[in-house]
>>> print(open('input.cif').read())   # mmCIF, C-alpha atoms; chains and numbers go by the auth columns
data_work
#
loop_
_atom_site.group_PDB
_atom_site.id
_atom_site.type_symbol
_atom_site.label_atom_id
_atom_site.label_comp_id
_atom_site.label_asym_id
_atom_site.label_seq_id
_atom_site.Cartn_x
_atom_site.Cartn_y
_atom_site.Cartn_z
_atom_site.B_iso_or_equiv
_atom_site.auth_seq_id
_atom_site.auth_asym_id
ATOM 1 C CA MET A 1 84.400 83.873 116.473 0.00 1 A
ATOM 2 C CA ALA A 2 87.856 85.267 115.779 0.00 2 A
ATOM 3 C CA ASN A 3 90.010 83.511 113.244 0.00 3 A
ATOM 4 C CA SER A 4 93.688 83.379 114.217 0.00 4 A
ATOM 5 C CA ASN A 5 94.625 82.981 110.542 0.00 5 A
ATOM 6 C CA GLN A 6 92.840 86.176 109.498 0.00 6 A
ATOM 7 C CA PRO A 7 95.924 88.474 109.446 0.00 7 A
ATOM 8 C CA ASP A 8 97.779 85.979 107.242 0.00 8 A
ATOM 9 C CA ALA A 9 94.757 85.607 104.977 0.00 9 A
ATOM 10 C CA LEU A 10 94.421 89.386 104.629 0.00 10 A
ATOM 11 C CA ALA A 11 98.119 89.719 103.819 0.00 11 A
ATOM 12 C CA ASN A 12 97.783 87.007 101.158 0.00 12 A
ATOM 13 C CA ILE A 13 94.798 88.770 99.612 0.00 13 A
ATOM 14 C CA ALA A 14 96.638 92.104 99.582 0.00 14 A
ATOM 15 C CA GLN A 15 99.536 90.447 97.714 0.00 15 A
ATOM 16 C CA ALA A 16 97.303 88.665 95.188 0.00 16 A
ATOM 17 C CA ASP A 17 97.122 89.724 91.547 0.00 17 A
ATOM 18 C CA SER A 18 94.648 92.387 90.413 0.00 18 A
ATOM 19 C CA GLU A 19 92.094 89.902 89.056 0.00 19 A
ATOM 20 C CA SER A 20 92.083 87.912 92.322 0.00 20 A
ATOM 21 C CA ARG A 21 91.638 91.107 94.335 0.00 21 A
ATOM 22 C CA LEU A 22 88.733 92.085 92.067 0.00 22 A
ATOM 23 C CA GLN A 23 87.069 88.727 92.647 0.00 23 A
ATOM 24 C CA TYR A 24 87.622 89.031 96.402 0.00 24 A
ATOM 25 C CA LEU A 25 86.177 92.556 96.482 0.00 25 A
ATOM 26 C CA VAL A 26 83.072 91.510 94.538 0.00 26 A
ATOM 27 C CA LYS A 27 82.514 88.486 96.798 0.00 27 A
ATOM 28 C CA GLU A 28 83.029 90.403 100.047 0.00 28 A
ATOM 29 C CA SER A 29 81.049 93.447 98.938 0.00 29 A
ATOM 30 C CA ARG A 30 78.107 91.276 97.964 0.00 30 A
ATOM 31 C CA LYS A 31 78.307 89.389 101.264 0.00 31 A
ATOM 32 C CA GLN A 32 78.577 92.554 103.392 0.00 32 A
ATOM 33 C CA GLN A 33 76.373 94.659 101.057 0.00 33 A
ATOM 34 C CA GLN A 34 78.924 97.475 101.204 0.00 34 A
ATOM 35 C CA LEU A 35 82.290 98.617 99.958 0.00 35 A
ATOM 36 C CA TRP A 36 84.795 101.124 101.294 0.00 36 A
ATOM 37 C CA ILE A 37 86.385 104.365 100.112 0.00 37 A
ATOM 38 C CA LEU A 38 88.682 106.887 101.776 0.00 38 A
ATOM 39 C CA VAL A 39 87.385 110.382 102.490 0.00 39 A
ATOM 40 C CA ASP A 40 88.742 113.675 103.779 0.00 40 A
ATOM 41 C CA ASP A 41 87.191 117.093 104.312 0.00 41 A
ATOM 42 C CA ASP A 42 86.977 117.611 100.539 0.00 42 A
ATOM 43 C CA GLY A 43 85.260 114.310 99.705 0.00 43 A
ATOM 44 C CA CYS A 44 86.513 110.980 98.461 0.00 44 A
ATOM 45 C CA VAL A 45 90.155 110.314 97.691 0.00 45 A
ATOM 46 C CA MET A 46 91.098 110.068 94.028 0.00 46 A
ATOM 47 C CA LEU A 47 93.869 108.224 92.216 0.00 47 A
ATOM 48 C CA ASN A 48 95.230 109.216 88.835 0.00 48 A
ATOM 49 C CA SER A 49 96.219 106.543 86.346 0.00 49 A
ATOM 50 C CA GLU A 50 97.920 107.342 83.066 0.00 50 A
ATOM 51 C CA ASP A 51 94.588 107.904 81.355 0.00 51 A
ATOM 52 C CA GLU A 52 91.855 108.186 83.994 0.00 52 A
ATOM 53 C CA ASP A 53 90.968 109.809 87.282 0.00 53 A
ATOM 54 C CA CYS A 54 89.696 107.096 89.596 0.00 54 A
ATOM 55 C CA VAL A 55 87.941 106.526 92.892 0.00 55 A
ATOM 56 C CA PRO A 56 89.665 103.637 94.694 0.00 56 A
ATOM 57 C CA VAL A 57 87.404 101.108 96.437 0.00 57 A
ATOM 58 C CA TRP A 58 88.228 98.355 98.921 0.00 58 A
ATOM 59 C CA PRO A 59 86.343 95.327 100.269 0.00 59 A
ATOM 60 C CA ASN A 60 86.630 96.237 103.947 0.00 60 A
ATOM 61 C CA GLN A 61 87.631 98.916 106.412 0.00 61 A
ATOM 62 C CA GLU A 62 91.037 97.371 107.159 0.00 62 A
ATOM 63 C CA PHE A 63 92.209 97.482 103.543 0.00 63 A
ATOM 64 C CA ALA A 64 90.968 101.057 103.092 0.00 64 A
ATOM 65 C CA ALA A 65 92.567 102.164 106.373 0.00 65 A
ATOM 66 C CA ALA A 66 95.900 100.661 105.285 0.00 66 A
ATOM 67 C CA TRP A 67 95.991 103.376 102.587 0.00 67 A
ATOM 68 C CA ALA A 68 95.491 106.210 105.088 0.00 68 A
ATOM 69 C CA THR A 69 99.225 106.918 105.363 0.00 69 A
ATOM 70 C CA GLY A 70 101.631 109.550 104.063 0.00 70 A
ATOM 71 C CA ASP A 71 99.760 112.165 102.052 0.00 71 A
ATOM 72 C CA TRP A 72 96.502 110.437 102.976 0.00 72 A
ATOM 73 C CA GLN A 73 97.071 110.042 106.724 0.00 73 A
ATOM 74 C CA HIS A 74 94.292 112.556 107.420 0.00 74 A
ATOM 75 C CA CYS A 75 91.774 110.423 105.495 0.00 75 A
ATOM 76 C CA LYS A 76 89.374 107.957 107.032 0.00 76 A
ATOM 77 C CA PRO A 77 87.612 104.886 105.647 0.00 77 A
ATOM 78 C CA GLU A 78 83.925 105.242 104.904 0.00 78 A
ATOM 79 C CA SER A 79 81.517 102.504 103.923 0.00 79 A
ATOM 80 C CA ILE A 80 79.010 102.861 101.124 0.00 80 A
ATOM 81 C CA SER A 81 76.112 100.448 100.886 0.00 81 A
ATOM 82 C CA LEU A 82 75.809 98.668 97.567 0.00 82 A
ATOM 83 C CA ALA A 83 72.293 100.069 97.232 0.00 83 A
ATOM 84 C CA LYS A 84 73.648 103.623 97.573 0.00 84 A
ATOM 85 C CA TRP A 85 76.561 102.850 95.227 0.00 85 A
ATOM 86 C CA LYS A 86 74.181 101.590 92.552 0.00 86 A
ATOM 87 C CA SER A 87 71.611 104.363 93.004 0.00 87 A
ATOM 88 C CA ARG A 88 74.032 107.329 93.167 0.00 88 A
ATOM 89 C CA TRP A 89 77.668 106.546 92.570 0.00 89 A
ATOM 90 C CA THR A 90 77.578 104.659 89.273 0.00 90 A
ATOM 91 C CA ASP A 91 75.786 107.432 87.384 0.00 91 A
ATOM 92 C CA GLY A 92 77.595 110.171 89.322 0.00 92 A
ATOM 93 C CA LEU A 93 81.050 108.820 88.539 0.00 93 A
ATOM 94 C CA SER A 94 80.134 108.219 84.920 0.00 94 A
ATOM 95 C CA ASN A 95 78.729 111.757 84.544 0.00 95 A
ATOM 96 C CA ASP A 96 81.974 113.137 86.003 0.00 96 A
ATOM 97 C CA GLU A 97 84.023 110.908 83.649 0.00 97 A
ATOM 98 C CA LEU A 98 85.616 109.094 86.598 0.00 98 A
ATOM 99 C CA TYR A 99 86.577 105.441 86.836 0.00 99 A
ATOM 100 C CA VAL A 100 86.829 102.910 89.635 0.00 100 A
ATOM 101 C CA ALA A 101 90.239 101.693 90.842 0.00 101 A
ATOM 102 C CA VAL A 102 89.364 98.269 92.201 0.00 102 A
ATOM 103 C CA PHE A 103 91.154 97.281 95.420 0.00 103 A
ATOM 104 C CA PRO A 104 94.534 98.838 94.612 0.00 104 A
ATOM 105 C CA ASN A 105 97.517 97.308 96.377 0.00 105 A
ATOM 106 C CA GLU A 106 100.393 99.165 98.047 0.00 106 A
ATOM 107 C CA GLN A 107 102.089 99.624 94.659 0.00 107 A
ATOM 108 C CA GLU A 108 98.916 101.367 93.433 0.00 108 A
ATOM 109 C CA GLU A 109 98.220 98.453 91.094 0.00 109 A
ATOM 110 C CA GLY A 110 94.625 97.508 90.468 0.00 110 A
ATOM 111 C CA LEU A 111 92.135 97.075 87.701 0.00 111 A
ATOM 112 C CA ILE A 112 90.534 100.248 86.342 0.00 112 A
ATOM 113 C CA LEU A 113 86.891 99.806 85.381 0.00 113 A
ATOM 114 C CA SER A 114 84.172 102.119 84.191 0.00 114 A
ATOM 115 C CA PRO A 115 81.468 102.650 86.810 0.00 115 A
ATOM 116 C CA TYR A 116 79.034 100.579 84.713 0.00 116 A
ATOM 117 C CA GLU A 117 81.502 97.701 84.276 0.00 117 A
ATOM 118 C CA PHE A 118 82.054 97.704 88.034 0.00 118 A
ATOM 119 C CA GLU A 119 78.329 97.721 88.807 0.00 119 A
ATOM 120 C CA GLU A 120 77.758 94.877 86.356 0.00 120 A
ATOM 121 C CA LEU A 121 80.320 92.761 88.239 0.00 121 A
ATOM 122 C CA LEU A 122 78.702 93.621 91.563 0.00 122 A
ATOM 123 C CA ASN A 123 75.325 92.619 90.178 0.00 123 A
ATOM 124 C CA LYS A 124 76.296 89.268 88.773 0.00 124 A
ATOM 125 C CA GLY A 125 79.122 88.342 91.112 0.00 125 A
ATOM 126 C CA ARG A 126 82.145 86.499 89.852 0.00 126 A
#
>>> encode(input="input.cif", output="structure tokens")
Amino acid sequence: MANSNQPDALANIAQADSESRLQYLVKESRKQQQLWILVDDDGCVMLNSEDEDCVPVWPNQEFAAAWATGDWQHCKPESISLAKWKSRWTDGLSNDELYVAVFPNEQEEGLILSPYEFEELLNKGR
């Protein structure tokens, strides 16, 4: 059943603070058993913070697709099951010294976590 308030709710979530977006991503990812990244022909999209190179992740296709503009307009959202994330991505990102940018907003603000910190939150929920 469609919810007529969904666009407003999504806009509110997108405007929430970084901690609230983290909590939302963990809850939704656990419920859907997946999370979303952006990919292009070269692989997943990366963000650079002051100190770390990061893979941004989003809780659903709509939020990821909202980032596919400007320099990233050629990118497309891709889902990753939590099982695949835990079995491949956590160790892979850590081995490559990459971090996770959790649900960045339009101002590129979001919490930066190590892959193991992120997996721990996915495992225990918040």
>>> resolve_selection(input="input.cif", expression="the PyMOL selection byres ((chain A and resi 65) around 12)", output="list in words")
Trp36, Ile37, Leu38, Val39, Val57, Trp58, Pro59, Asn60, Gln61, Glu62, Phe63, Ala64, Ala66, Trp67, Ala68, Thr69, Gly70, Trp72, Gln73, His74, Cys75, Lys76, Pro77, Glu78, Ser79 and Glu106 of chain A
>>> resolve_selection(input="input.cif", expression="the PyMOL selection byres ((chain A and resi 24) around 12)", output="PDB file with C-alpha atoms, in the coordinates of the input")
ATOM      1  CA  ALA A   9      94.757  85.607 104.977  1.00  0.00           C
ATOM      2  CA  LEU A  10      94.421  89.386 104.629  1.00  0.00           C
ATOM      3  CA  ASN A  12      97.783  87.007 101.158  1.00  0.00           C
ATOM      4  CA  ILE A  13      94.798  88.770  99.612  1.00  0.00           C
ATOM      5  CA  ALA A  14      96.638  92.104  99.582  1.00  0.00           C
ATOM      6  CA  ALA A  16      97.303  88.665  95.188  1.00  0.00           C
ATOM      7  CA  ASP A  17      97.122  89.724  91.547  1.00  0.00           C
ATOM      8  CA  SER A  18      94.648  92.387  90.413  1.00  0.00           C
ATOM      9  CA  GLU A  19      92.094  89.902  89.056  1.00  0.00           C
ATOM     10  CA  SER A  20      92.083  87.912  92.322  1.00  0.00           C
ATOM     11  CA  ARG A  21      91.638  91.107  94.335  1.00  0.00           C
ATOM     12  CA  LEU A  22      88.733  92.085  92.067  1.00  0.00           C
ATOM     13  CA  GLN A  23      87.069  88.727  92.647  1.00  0.00           C
ATOM     14  CA  LEU A  25      86.177  92.556  96.482  1.00  0.00           C
ATOM     15  CA  VAL A  26      83.072  91.510  94.538  1.00  0.00           C
ATOM     16  CA  LYS A  27      82.514  88.486  96.798  1.00  0.00           C
ATOM     17  CA  GLU A  28      83.029  90.403 100.047  1.00  0.00           C
ATOM     18  CA  SER A  29      81.049  93.447  98.938  1.00  0.00           C
ATOM     19  CA  ARG A  30      78.107  91.276  97.964  1.00  0.00           C
ATOM     20  CA  LYS A  31      78.307  89.389 101.264  1.00  0.00           C
ATOM     21  CA  GLN A  32      78.577  92.554 103.392  1.00  0.00           C
ATOM     22  CA  LEU A  35      82.290  98.617  99.958  1.00  0.00           C
ATOM     23  CA  TRP A  58      88.228  98.355  98.921  1.00  0.00           C
ATOM     24  CA  PRO A  59      86.343  95.327 100.269  1.00  0.00           C
ATOM     25  CA  ASN A  60      86.630  96.237 103.947  1.00  0.00           C
ATOM     26  CA  PHE A  63      92.209  97.482 103.543  1.00  0.00           C
ATOM     27  CA  VAL A 102      89.364  98.269  92.201  1.00  0.00           C
ATOM     28  CA  PHE A 103      91.154  97.281  95.420  1.00  0.00           C
ATOM     29  CA  LEU A 121      80.320  92.761  88.239  1.00  0.00           C
ATOM     30  CA  LEU A 122      78.702  93.621  91.563  1.00  0.00           C
ATOM     31  CA  GLY A 125      79.122  88.342  91.112  1.00  0.00           C
ATOM     32  CA  ARG A 126      82.145  86.499  89.852  1.00  0.00           C
TER      33      ARG A 126
END
>>> closest_residue(input="input.cif", among="A:Asp53, A:Phe118, A:Glu108, A:Lys84", to="Asp96 in chain A", atoms="only C-alpha atoms")
A:Asp53
>>> closest_residue(input="input.cif", among="A:Asp8, A:Glu119, A:Asp40, A:Val45", to="Ser87 in chain A", atoms="all atoms listed in the file")
A:Glu119
>>> atom_distance(input="input.cif", atom1="CA of Glu52 in chain A", atom2="CA of Tyr99 in chain A")
6.6 Å
>>> resolve_selection(input="input.cif", expression="the PyMOL selection byres ((chain A and resi 116) around 10)", output="PyMOL selection string")
chain A and resi 86+89-91+93-94+99-100+113-115+117-122
>>> build_atoms(input="input.cif", residues="range 31-54 of chain A", atoms="N, CA, C and O atoms", output="PDB file, keeping the file's coordinate frame")
ATOM      1  N   LYS A  31      78.616  90.022  99.981  1.00  0.00           N
ATOM      2  CA  LYS A  31      78.307  89.389 101.264  1.00  0.00           C
ATOM      3  C   LYS A  31      77.969  90.441 102.324  1.00  0.00           C
ATOM      4  O   LYS A  31      77.003  90.297 103.061  1.00  0.00           O
ATOM      5  N   GLN A  32      78.762  91.508 102.384  1.00  0.00           N
ATOM      6  CA  GLN A  32      78.577  92.554 103.392  1.00  0.00           C
ATOM      7  C   GLN A  32      77.589  93.644 102.937  1.00  0.00           C
ATOM      8  O   GLN A  32      77.227  94.507 103.723  1.00  0.00           O
ATOM      9  N   GLN A  33      77.249  93.646 101.656  1.00  0.00           N
ATOM     10  CA  GLN A  33      76.373  94.659 101.057  1.00  0.00           C
ATOM     11  C   GLN A  33      76.929  96.074 101.208  1.00  0.00           C
ATOM     12  O   GLN A  33      76.194  97.047 101.386  1.00  0.00           O
ATOM     13  N   GLN A  34      78.268  96.171 101.142  1.00  0.00           N
ATOM     14  CA  GLN A  34      78.924  97.475 101.204  1.00  0.00           C
ATOM     15  C   GLN A  34      80.320  97.371 100.622  1.00  0.00           C
ATOM     16  O   GLN A  34      80.852  96.278 100.456  1.00  0.00           O
ATOM     17  N   LEU A  35      80.883  98.518 100.317  1.00  0.00           N
ATOM     18  CA  LEU A  35      82.290  98.617  99.958  1.00  0.00           C
ATOM     19  C   LEU A  35      82.831  99.854 100.646  1.00  0.00           C
ATOM     20  O   LEU A  35      82.093 100.593 101.287  1.00  0.00           O
ATOM     21  N   TRP A  36      84.134 100.073 100.525  1.00  0.00           N
ATOM     22  CA  TRP A  36      84.795 101.124 101.294  1.00  0.00           C
ATOM     23  C   TRP A  36      85.595 102.060 100.405  1.00  0.00           C
ATOM     24  O   TRP A  36      86.212 101.612  99.431  1.00  0.00           O
ATOM     25  N   ILE A  37      85.567 103.345 100.755  1.00  0.00           N
ATOM     26  CA  ILE A  37      86.385 104.365 100.112  1.00  0.00           C
ATOM     27  C   ILE A  37      87.142 105.101 101.216  1.00  0.00           C
ATOM     28  O   ILE A  37      86.910 104.856 102.403  1.00  0.00           O
ATOM     29  N   LEU A  38      88.032 105.987 100.825  1.00  0.00           N
ATOM     30  CA  LEU A  38      88.682 106.887 101.776  1.00  0.00           C
ATOM     31  C   LEU A  38      88.149 108.295 101.529  1.00  0.00           C
ATOM     32  O   LEU A  38      87.978 108.699 100.373  1.00  0.00           O
ATOM     33  N   VAL A  39      87.896 109.025 102.608  1.00  0.00           N
ATOM     34  CA  VAL A  39      87.385 110.382 102.490  1.00  0.00           C
ATOM     35  C   VAL A  39      88.210 111.341 103.351  1.00  0.00           C
ATOM     36  O   VAL A  39      88.850 110.922 104.324  1.00  0.00           O
ATOM     37  N   ASP A  40      88.184 112.600 102.955  1.00  0.00           N
ATOM     38  CA  ASP A  40      88.742 113.675 103.779  1.00  0.00           C
ATOM     39  C   ASP A  40      87.726 114.812 103.774  1.00  0.00           C
ATOM     40  O   ASP A  40      86.582 114.630 103.329  1.00  0.00           O
ATOM     41  N   ASP A  41      88.121 115.970 104.225  1.00  0.00           N
ATOM     42  CA  ASP A  41      87.191 117.093 104.312  1.00  0.00           C
ATOM     43  C   ASP A  41      86.661 117.532 102.951  1.00  0.00           C
ATOM     44  O   ASP A  41      85.613 118.170 102.865  1.00  0.00           O
ATOM     45  N   ASP A  42      87.385 117.205 101.885  1.00  0.00           N
ATOM     46  CA  ASP A  42      86.977 117.611 100.539  1.00  0.00           C
ATOM     47  C   ASP A  42      86.169 116.555  99.793  1.00  0.00           C
ATOM     48  O   ASP A  42      85.746 116.782  98.668  1.00  0.00           O
ATOM     49  N   GLY A  43      86.004 115.379 100.373  1.00  0.00           N
ATOM     50  CA  GLY A  43      85.260 114.310  99.705  1.00  0.00           C
ATOM     51  C   GLY A  43      86.094 113.057  99.595  1.00  0.00           C
ATOM     52  O   GLY A  43      87.009 112.830 100.395  1.00  0.00           O
ATOM     53  N   CYS A  44      85.806 112.254  98.585  1.00  0.00           N
ATOM     54  CA  CYS A  44      86.513 110.980  98.461  1.00  0.00           C
ATOM     55  C   CYS A  44      87.888 111.174  97.824  1.00  0.00           C
ATOM     56  O   CYS A  44      88.099 112.079  97.023  1.00  0.00           O
ATOM     57  N   VAL A  45      88.790 110.305  98.208  1.00  0.00           N
ATOM     58  CA  VAL A  45      90.155 110.314  97.691  1.00  0.00           C
ATOM     59  C   VAL A  45      90.141 109.841  96.245  1.00  0.00           C
ATOM     60  O   VAL A  45      89.355 108.966  95.864  1.00  0.00           O
ATOM     61  N   MET A  46      90.999 110.426  95.440  1.00  0.00           N
ATOM     62  CA  MET A  46      91.098 110.068  94.028  1.00  0.00           C
ATOM     63  C   MET A  46      92.508 109.578  93.727  1.00  0.00           C
ATOM     64  O   MET A  46      93.474 110.021  94.341  1.00  0.00           O
ATOM     65  N   LEU A  47      92.596 108.670  92.775  1.00  0.00           N
ATOM     66  CA  LEU A  47      93.869 108.224  92.216  1.00  0.00           C
ATOM     67  C   LEU A  47      93.897 108.643  90.753  1.00  0.00           C
ATOM     68  O   LEU A  47      92.857 108.699  90.106  1.00  0.00           O
ATOM     69  N   ASN A  48      95.079 108.877  90.245  1.00  0.00           N
ATOM     70  CA  ASN A  48      95.230 109.216  88.835  1.00  0.00           C
ATOM     71  C   ASN A  48      96.053 108.132  88.168  1.00  0.00           C
ATOM     72  O   ASN A  48      97.187 107.891  88.565  1.00  0.00           O
ATOM     73  N   SER A  49      95.459 107.484  87.162  1.00  0.00           N
ATOM     74  CA  SER A  49      96.219 106.543  86.346  1.00  0.00           C
ATOM     75  C   SER A  49      96.762 107.331  85.158  1.00  0.00           C
ATOM     76  O   SER A  49      96.588 108.540  85.085  1.00  0.00           O
ATOM     77  N   GLU A  50      97.384 106.645  84.240  1.00  0.00           N
ATOM     78  CA  GLU A  50      97.920 107.342  83.066  1.00  0.00           C
ATOM     79  C   GLU A  50      96.824 108.023  82.262  1.00  0.00           C
ATOM     80  O   GLU A  50      97.037 109.081  81.691  1.00  0.00           O
ATOM     81  N   ASP A  51      95.645 107.391  82.212  1.00  0.00           N
ATOM     82  CA  ASP A  51      94.588 107.904  81.355  1.00  0.00           C
ATOM     83  C   ASP A  51      93.337 108.375  82.079  1.00  0.00           C
ATOM     84  O   ASP A  51      92.545 109.121  81.519  1.00  0.00           O
ATOM     85  N   GLU A  52      93.112 107.897  83.323  1.00  0.00           N
ATOM     86  CA  GLU A  52      91.855 108.186  83.994  1.00  0.00           C
ATOM     87  C   GLU A  52      92.063 108.686  85.419  1.00  0.00           C
ATOM     88  O   GLU A  52      93.041 108.351  86.065  1.00  0.00           O
ATOM     89  N   ASP A  53      91.087 109.468  85.875  1.00  0.00           N
ATOM     90  CA  ASP A  53      90.968 109.809  87.282  1.00  0.00           C
ATOM     91  C   ASP A  53      90.023 108.776  87.890  1.00  0.00           C
ATOM     92  O   ASP A  53      88.966 108.485  87.307  1.00  0.00           O
ATOM     93  N   CYS A  54      90.404 108.248  89.035  1.00  0.00           N
ATOM     94  CA  CYS A  54      89.696 107.096  89.596  1.00  0.00           C
ATOM     95  C   CYS A  54      89.367 107.281  91.069  1.00  0.00           C
ATOM     96  O   CYS A  54      90.113 107.929  91.807  1.00  0.00           O
TER      97      CYS A  54
END
